[in-house]
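Trainee: Please find my_file-v1.csv (CSV, C-alpha atoms) on the next line:
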chain,number,residue,atom,x,y,z
A,1,MET,CA,0.0,0.0,0.0
A,2,THR,CA,1.3,3.5,-0.8
A,3,SER,CA,0.4,6.9,0.5
A,4,LYS,CA,-2.8,8.6,-0.7
A,5,LEU,CA,-2.4,12.3,-1.3
A,6,LEU,CA,-5.6,14.2,-0.7
A,7,VAL,CA,-4.6,17.8,-1.6
A,8,ASP,CA,-2.2,19.8,-3.7
A,9,PRO,CA,0.8,20.5,-1.4
A,10,ALA,CA,1.3,23.9,-3.0
A,11,GLU,CA,-1.9,25.1,-1.3
A,12,LEU,CA,-0.4,24.4,2.2
A,13,PRO,CA,1.5,26.7,4.6
A,14,GLY,CA,5.2,26.7,3.9
A,15,TRP,CA,6.1,25.0,7.2
A,16,LEU,CA,3.8,22.1,6.5
A,17,ARG,CA,4.4,21.6,2.7
A,18,PRO,CA,7.7,19.7,2.9
A,19,LEU,CA,6.2,17.0,5.2
A,20,ILE,CA,3.2,16.4,3.0
A,21,GLU,CA,5.3,16.4,-0.2
A,22,ARG,CA,7.6,13.7,1.3
A,23,ALA,CA,4.8,11.8,2.9
A,24,ALA,CA,3.2,11.4,-0.5
A,25,GLU,CA,6.1,9.3,-1.6
A,26,LEU,CA,6.7,7.5,1.7
A,27,ASP,CA,8.3,4.1,1.8
A,28,PRO,CA,6.2,1.9,4.1
A,29,GLY,CA,9.4,0.9,5.9
A,30,GLN,CA,10.3,4.5,6.7
A,31,PHE,CA,9.3,4.3,10.3
A,32,GLY,CA,10.9,1.0,11.0
A,33,TRP,CA,7.8,-1.2,10.6
A,34,PRO,CA,8.0,-4.2,8.3
A,35,ARG,CA,7.9,-3.4,4.6
A,36,GLU,CA,5.5,-6.3,3.9
A,37,ASN,CA,1.7,-5.7,4.0
A,38,PRO,CA,-0.1,-6.2,7.3
A,39,PRO,CA,-1.9,-9.6,7.6
A,40,ALA,CA,-5.5,-9.7,6.5
A,41,GLU,CA,-6.7,-10.7,9.9
A,42,ALA,CA,-5.3,-7.5,11.5
A,43,ARG,CA,-8.1,-5.2,12.4
A,44,PRO,CA,-8.2,-1.9,10.4
A,45,ALA,CA,-7.9,1.3,12.3
A,46,ALA,CA,-6.9,4.9,11.7
A,47,VAL,CA,-5.4,7.8,13.7
A,48,LEU,CA,-5.6,11.5,13.1
A,49,VAL,CA,-2.2,13.3,13.1
A,50,LEU,CA,-3.5,16.8,13.3
A,51,PHE,CA,-1.0,19.7,12.8
A,52,GLY,CA,-2.1,23.2,13.7
A,53,GLU,CA,-0.4,26.5,14.4
A,54,GLY,CA,-0.8,28.2,17.8
A,55,ALA,CA,0.9,30.9,19.9
A,56,ALA,CA,4.0,28.6,20.2
A,57,GLY,CA,4.2,27.9,16.5
A,58,PRO,CA,3.3,24.6,14.7
A,59,ASP,CA,1.9,22.0,17.0
A,60,VAL,CA,0.3,18.5,17.0
A,61,LEU,CA,-2.7,17.2,18.9
A,62,LEU,CA,-2.2,14.4,21.4
A,63,LEU,CA,-4.4,12.9,24.1
A,64,ARG,CA,-3.7,10.8,27.2
A,65,ARG,CA,-5.9,7.8,27.8
A,66,ALA,CA,-7.6,7.4,31.1
A,67,ASP,CA,-5.7,5.4,33.8
A,68,GLY,CA,-8.7,3.1,34.5
A,69,LEU,CA,-8.9,1.7,31.0
A,70,ASN,CA,-8.3,-2.0,30.4
A,71,SER,CA,-6.4,-1.4,27.2
A,72,HIS,CA,-3.3,0.8,27.2
A,73,PRO,CA,-4.2,2.8,30.3
A,74,GLY,CA,-2.5,6.2,30.7
A,75,GLN,CA,-0.8,6.0,27.3
A,76,VAL,CA,-0.5,9.0,25.0
A,77,ALA,CA,-2.0,8.6,21.6
A,78,PHE,CA,-3.3,10.4,18.6
A,79,PRO,CA,-7.1,10.5,18.3
A,80,GLY,CA,-8.2,7.4,16.5
A,81,GLY,CA,-9.6,3.9,16.7
A,82,SER,CA,-11.1,1.0,14.8
A,83,LEU,CA,-12.9,1.5,11.5
A,84,ASP,CA,-16.7,1.1,12.0
A,85,ASP,CA,-19.3,0.1,9.4
A,86,VAL,CA,-20.4,3.8,9.2
A,87,ASP,CA,-17.0,4.9,8.1
A,88,ARG,CA,-16.3,5.3,4.4
A,89,GLY,CA,-12.6,4.7,5.0
A,90,PRO,CA,-9.7,5.7,7.3
A,91,VAL,CA,-10.2,9.4,6.9
A,92,ASP,CA,-13.8,9.2,8.1
A,93,ALA,CA,-12.8,6.9,11.0
A,94,ALA,CA,-10.0,9.2,12.1
A,95,LEU,CA,-12.2,12.3,12.1
A,96,ARG,CA,-15.1,10.5,13.8
A,97,GLU,CA,-12.9,9.2,16.6
A,98,ALA,CA,-11.5,12.7,17.1
A,99,VAL,CA,-15.0,14.1,17.5
A,100,GLU,CA,-15.9,11.4,20.0
A,101,GLU,CA,-12.7,11.6,22.0
A,102,VAL,CA,-11.9,15.3,22.2
A,103,GLY,CA,-14.9,17.2,20.7
A,104,LEU,CA,-13.1,18.3,17.6
A,105,ARG,CA,-15.1,20.2,15.0
A,106,PRO,CA,-14.3,18.3,11.8
A,107,GLU,CA,-15.3,21.2,9.5
A,108,GLY,CA,-12.2,23.0,10.6
A,109,VAL,CA,-9.9,20.1,9.6
A,110,ARG,CA,-8.4,19.5,6.2
A,111,PRO,CA,-7.2,15.9,5.6
A,112,LEU,CA,-3.9,16.0,3.6
A,113,VAL,CA,-2.6,12.5,3.1
A,114,ALA,CA,-3.3,8.9,4.2
A,115,LEU,CA,0.0,7.1,4.9
A,116,PRO,CA,0.5,3.4,4.2
A,117,GLU,CA,-0.9,1.0,6.8
A,118,LEU,CA,1.3,0.2,9.8
A,119,HIS,CA,1.0,-3.2,11.4
A,120,VAL,CA,1.0,-3.1,15.2
A,121,PRO,CA,1.4,-6.8,16.1
A,122,HIS,CA,1.0,-6.6,19.9
A,123,SER,CA,-2.5,-4.9,19.5
A,124,GLY,CA,-3.6,-6.7,16.3
A,125,PHE,CA,-4.3,-3.6,14.3
A,126,ARG,CA,-3.3,-2.3,10.9
A,127,VAL,CA,-3.3,1.4,11.4
A,128,THR,CA,-3.6,4.1,8.7
A,129,PRO,CA,-2.2,7.4,9.9
A,130,VAL,CA,-4.1,10.4,8.4
A,131,LEU,CA,-2.1,13.6,8.4
A,132,ALA,CA,-4.3,16.7,8.5
A,133,HIS,CA,-4.1,20.5,8.8
A,134,TRP,CA,-6.1,22.3,11.5
A,135,VAL,CA,-7.2,25.2,9.4
A,136,GLU,CA,-9.7,26.5,11.9
A,137,PRO,CA,-8.8,25.3,15.4
A,138,SER,CA,-11.7,24.5,17.7
A,139,PRO,CA,-11.7,24.0,21.5
A,140,VAL,CA,-10.9,20.5,22.5
A,141,SER,CA,-11.1,18.6,25.8
A,142,PRO,CA,-11.8,15.1,27.0
A,143,VAL,CA,-15.4,14.2,26.0
A,144,ASP,CA,-15.5,11.2,28.3
A,145,PRO,CA,-13.1,11.4,31.3
A,146,GLY,CA,-13.4,7.7,31.7
A,147,GLU,CA,-11.7,7.2,28.4
A,148,THR,CA,-9.6,10.3,27.9
A,149,ALA,CA,-7.7,11.9,30.8
A,150,ALA,CA,-6.1,14.9,29.0
A,151,VAL,CA,-5.7,16.6,25.6
A,152,ALA,CA,-2.8,18.8,24.5
A,153,ARG,CA,-1.7,20.8,21.6
A,154,VAL,CA,2.1,20.1,21.8
A,155,PRO,CA,4.4,22.5,20.0
A,156,ILE,CA,6.7,20.9,17.5
A,157,SER,CA,9.5,22.9,19.0
A,158,TRP,CA,9.0,21.1,22.3
A,159,LEU,CA,9.1,17.7,20.6
A,160,THR,CA,12.3,18.5,18.7
A,161,ASP,CA,14.1,19.9,21.8
A,162,PRO,CA,16.9,17.4,22.5
A,163,ALA,CA,16.2,17.9,26.3
A,164,ASN,CA,12.7,16.3,25.8
A,165,ARG,CA,13.9,13.3,23.8
A,166,LEU,CA,15.0,9.9,25.0
A,167,ARG,CA,14.5,6.2,24.4
A,168,VAL,CA,12.4,3.8,26.5
A,169,GLU,CA,13.4,0.2,27.1
A,170,LEU,CA,10.8,-2.4,27.9
A,171,THR,CA,11.8,-5.9,29.3
A,172,GLY,CA,12.4,-8.2,26.4
A,173,ARG,CA,12.0,-5.5,23.8
A,174,HIS,CA,14.3,-3.1,22.1
A,175,ALA,CA,14.4,0.5,23.2
A,176,GLY,CA,12.2,2.9,21.2
A,177,PRO,CA,11.9,6.6,20.9
A,178,ALA,CA,10.0,8.6,23.5
A,179,PHE,CA,9.2,12.3,24.3
A,180,LEU,CA,8.8,14.0,27.7
A,181,VAL,CA,5.8,16.2,27.7
A,182,PRO,CA,4.5,17.8,30.9
A,183,GLY,CA,2.3,15.1,32.5
A,184,MET,CA,2.6,12.9,29.4
A,185,LEU,CA,5.2,10.3,28.4
A,186,VAL,CA,4.9,9.7,24.6
A,187,TRP,CA,6.3,6.3,23.8
A,188,GLY,CA,5.4,3.1,21.8
A,189,PHE,CA,3.5,3.4,18.5
A,190,THR,CA,2.7,7.1,18.9
A,191,ALA,CA,6.3,8.1,19.6
A,192,GLY,CA,7.7,5.9,16.8
A,193,LEU,CA,5.3,7.6,14.3
A,194,LEU,CA,6.0,11.1,15.7
A,195,SER,CA,9.8,10.5,15.5
A,196,GLY,CA,9.5,9.3,11.9
A,197,LEU,CA,7.4,12.3,10.9
A,198,LEU,CA,9.8,14.8,12.5
A,199,ASP,CA,12.7,13.2,10.6
A,200,LEU,CA,10.6,13.1,7.3
A,201,ALA,CA,9.7,16.8,7.6
A,202,GLY,CA,13.3,17.9,8.4
A,203,TRP,CA,12.3,19.2,11.8
A,204,ALA,CA,14.3,16.9,14.0
A,205,ARG,CA,17.4,18.0,15.8
A,206,ARG,CA,20.3,15.9,17.0
A,207,TRP,CA,19.5,14.3,20.3
A,208,ASP,CA,21.1,11.8,22.7
A,209,ARG,CA,20.0,8.3,21.5
A,210,ALA,CA,22.2,6.8,24.2
A,211,ASP,CA,19.8,8.2,26.9
A,212,VAL,CA,17.9,5.0,27.5
A,213,ARG,CA,15.6,4.7,30.5
A,214,GLU,CA,13.2,2.1,31.9
A,215,LEU,CA,9.5,2.9,31.5
A,216,ASP,CA,8.9,3.8,35.2
A,217,GLU,CA,11.9,6.1,35.2
A,218,ALA,CA,10.8,7.9,32.0
A,219,TRP,CA,7.2,8.3,33.4
A,220,ARG,CA,8.7,10.1,36.5
A,221,ALA,CA,10.7,12.4,34.3
A,222,ALA,CA,7.5,13.3,32.3
A,223,GLU,CA,5.6,14.0,35.5
A,224,GLU,CA,8.4,16.3,36.7
A,225,ALA,CA,8.7,18.1,33.4
A,226,GLU,CA,8.1,21.9,33.7
A,227,ASP,CA,4.5,22.8,32.7
A,228,ILE,CA,4.9,25.6,30.2
A,229,GLY,CA,1.1,25.9,29.7
A,230,PHE,CA,0.9,25.1,26.0
A,231,GLY,CA,-2.7,24.0,25.9
A,232,ARG,CA,-3.1,20.8,27.9
A,233,THR,CA,-6.8,20.4,29.1
Give the structure from the file, written as structure tokens.

Mentor:
Amino acid sequence: MTSKLLVDPAELPGWLRPLIERAAELDPGQFGWPRENPPAEARPAAVLVLFGEGAAGPDVLLLRRADGLNSHPGQVAFPGGSLDDVDRGPVDAALREAVEEVGLRPEGVRPLVALPELHVPHSGFRVTPVLAHWVEPSPVSPVDPGETAAVARVPISWLTDPANRLRVELTGRHAGPAFLVPGMLVWGFTAGLLSGLLDLAGWARRWDRADVRELDEAWRAAEEAEDIGFGRT
């Protein structure tokens, strides 16, 4: 599967255009996932990678799942979930889930490109990341606190700051990229996708890949990170 470009990149803001142009020609193995197609039995899902521009410059929308959930409690994610029968495809699913999770107004969002499916073996999903531009930002907050604990517009400049980057090591698994965000530790699938997109866009800065921490230690560092008030709700 290849990327599906949904707009003319020439119509986009200059800071976003290079990412979308490169994403349109993305190699499915770009982010370190297997190059082969996901197995047919993997469940289709989609996530919305929503880029906006706020007071601190370009940003991306993230949410933290509620601690009481049975699946991936407390983890940071993009809005998204499984494709339902009502969805016409991954773009519809990603937008619908964002409405249900954070109260997003979809009319203010312009989908830009659907990336190749990424197989996430441990969860059994084949996920289509949908990159979008938040043309007319709307207020967002957890719709159901039992599912979503917090929502944040995280500046790209925060994510690319070497002081906020590290790798997290899980027992029996290789270390993967992670980001320290005040009150949020971004790791796993979300961090891997974010890291790949920062590299693809040319936004990434050199950071210390030798800084490897266990998950609990990394969580403590995220909880202690200075809250700069960039829109977490």

Trainee: With only C-alpha atoms as the basis for distance, which of A:Arg43, A:Arg153, A:Arg22, A:Arg88 is at the shortest distance from Met184 of chain A?

Mentor: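 For Met184 of chain A, the nearest of the given residues is A:Arg153.
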
Trainee: Between A:Ala55, A:Val102, A:Ala175, A:Leu131, which has the minimum distance to Leu194 of chain A (counting all atoms listed in the file)?

Mentor: A:Leu131

Trainee: Quick check, in Å to one decimal: how far apart do atom CA of Ala225 of chain A and atom CA of Glu53 of chain A lie?

Mentor: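 Distance between the two atoms: 22.7 Å.
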
Trainee: Taking into account only C-alpha atoms, which residue in the set A:Val86, A:Ala94, A:Leu19, A:Ile156 is nearest to Val127 of chain A?

Mentor: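 Checking each of A:Val86, A:Ala94, A:Leu19, A:Ile156 against Val127 of chain A, counting only C-alpha atoms, the winner is A:Ala94.
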
Trainee: Might you pull out every residue within 10 Å of Ser195 of chain A, with all atoms listed in the file counted and same-chain residues fewer than 3 positions away left off, and present them as a list in words?

Mentor: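 Non-adjacent residues within range: Phe31, Leu159, Thr160, Arg165, Gly176, Pro177, Ala178, Phe179, Trp187, Phe189, Thr190, Ala191, Gly192, Leu198, Asp199, Leu200, Trp203 and Ala204 of chain A.
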
Trainee: In terms of the shortest atom-to-atom distance over all atoms listed in the file, which of A:Val76, A:Ala201, A:Val60, A:Val99 is closest to Gly14 of chain A?

Mentor: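 The closest residue to Gly14 of chain A is A:Ala201.
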
Trainee: Identify which of the residues A:Pro155, A:Gly54, A:Pro90, A:Pro79 lies closest to Val135 of chain A, counting all atoms listed in the file when measuring atom-to-atom distances.

Mentor: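 Ranking A:Pro155, A:Gly54, A:Pro90, A:Pro79 by distance to Val135 of chain A, first place goes to A:Gly54.
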
Trainee: Report as a Markdown table: every residue of segment 95-171 of chain A with an atom at most 10 Å from segment 8-13 of chain A, its closest pair of atoms, and their distance in Å to one decimal, counting all atoms listed in the file, with rows sorted by chain and ascending residue number.

Mentor:
| residue | atom | partner | partner_atom | distance |
| --- | --- | --- | --- | --- |
| A:Leu112 | CA | A:Pro9 | CA | 8.2 |
| A:Val113 | CA | A:Pro9 | CA | 9.8 |
| A:His133 | CA | A:Leu12 | CA | 8.5 |
| A:Val135 | CA | A:Leu12 | CA | 9.9 |

Trainee: Since we have the selection now, will you write its residues out, keeping C-alpha atoms, as an mmCIF file, in the frame of the given file?

Mentor:
data_model
loop_
_atom_site.group_PDB
_atom_site.id
_atom_site.type_symbol
_atom_site.label_atom_id
_atom_site.label_comp_id
_atom_site.auth_asym_id
_atom_site.auth_seq_id
_atom_site.Cartn_x
_atom_site.Cartn_y
_atom_site.Cartn_z
ATOM 1 C CA LEU A 112 -3.900 16.000 3.600
ATOM 2 C CA VAL A 113 -2.600 12.500 3.100
ATOM 3 C CA HIS A 133 -4.100 20.500 8.800
ATOM 4 C CA VAL A 135 -7.200 25.200 9.400
#
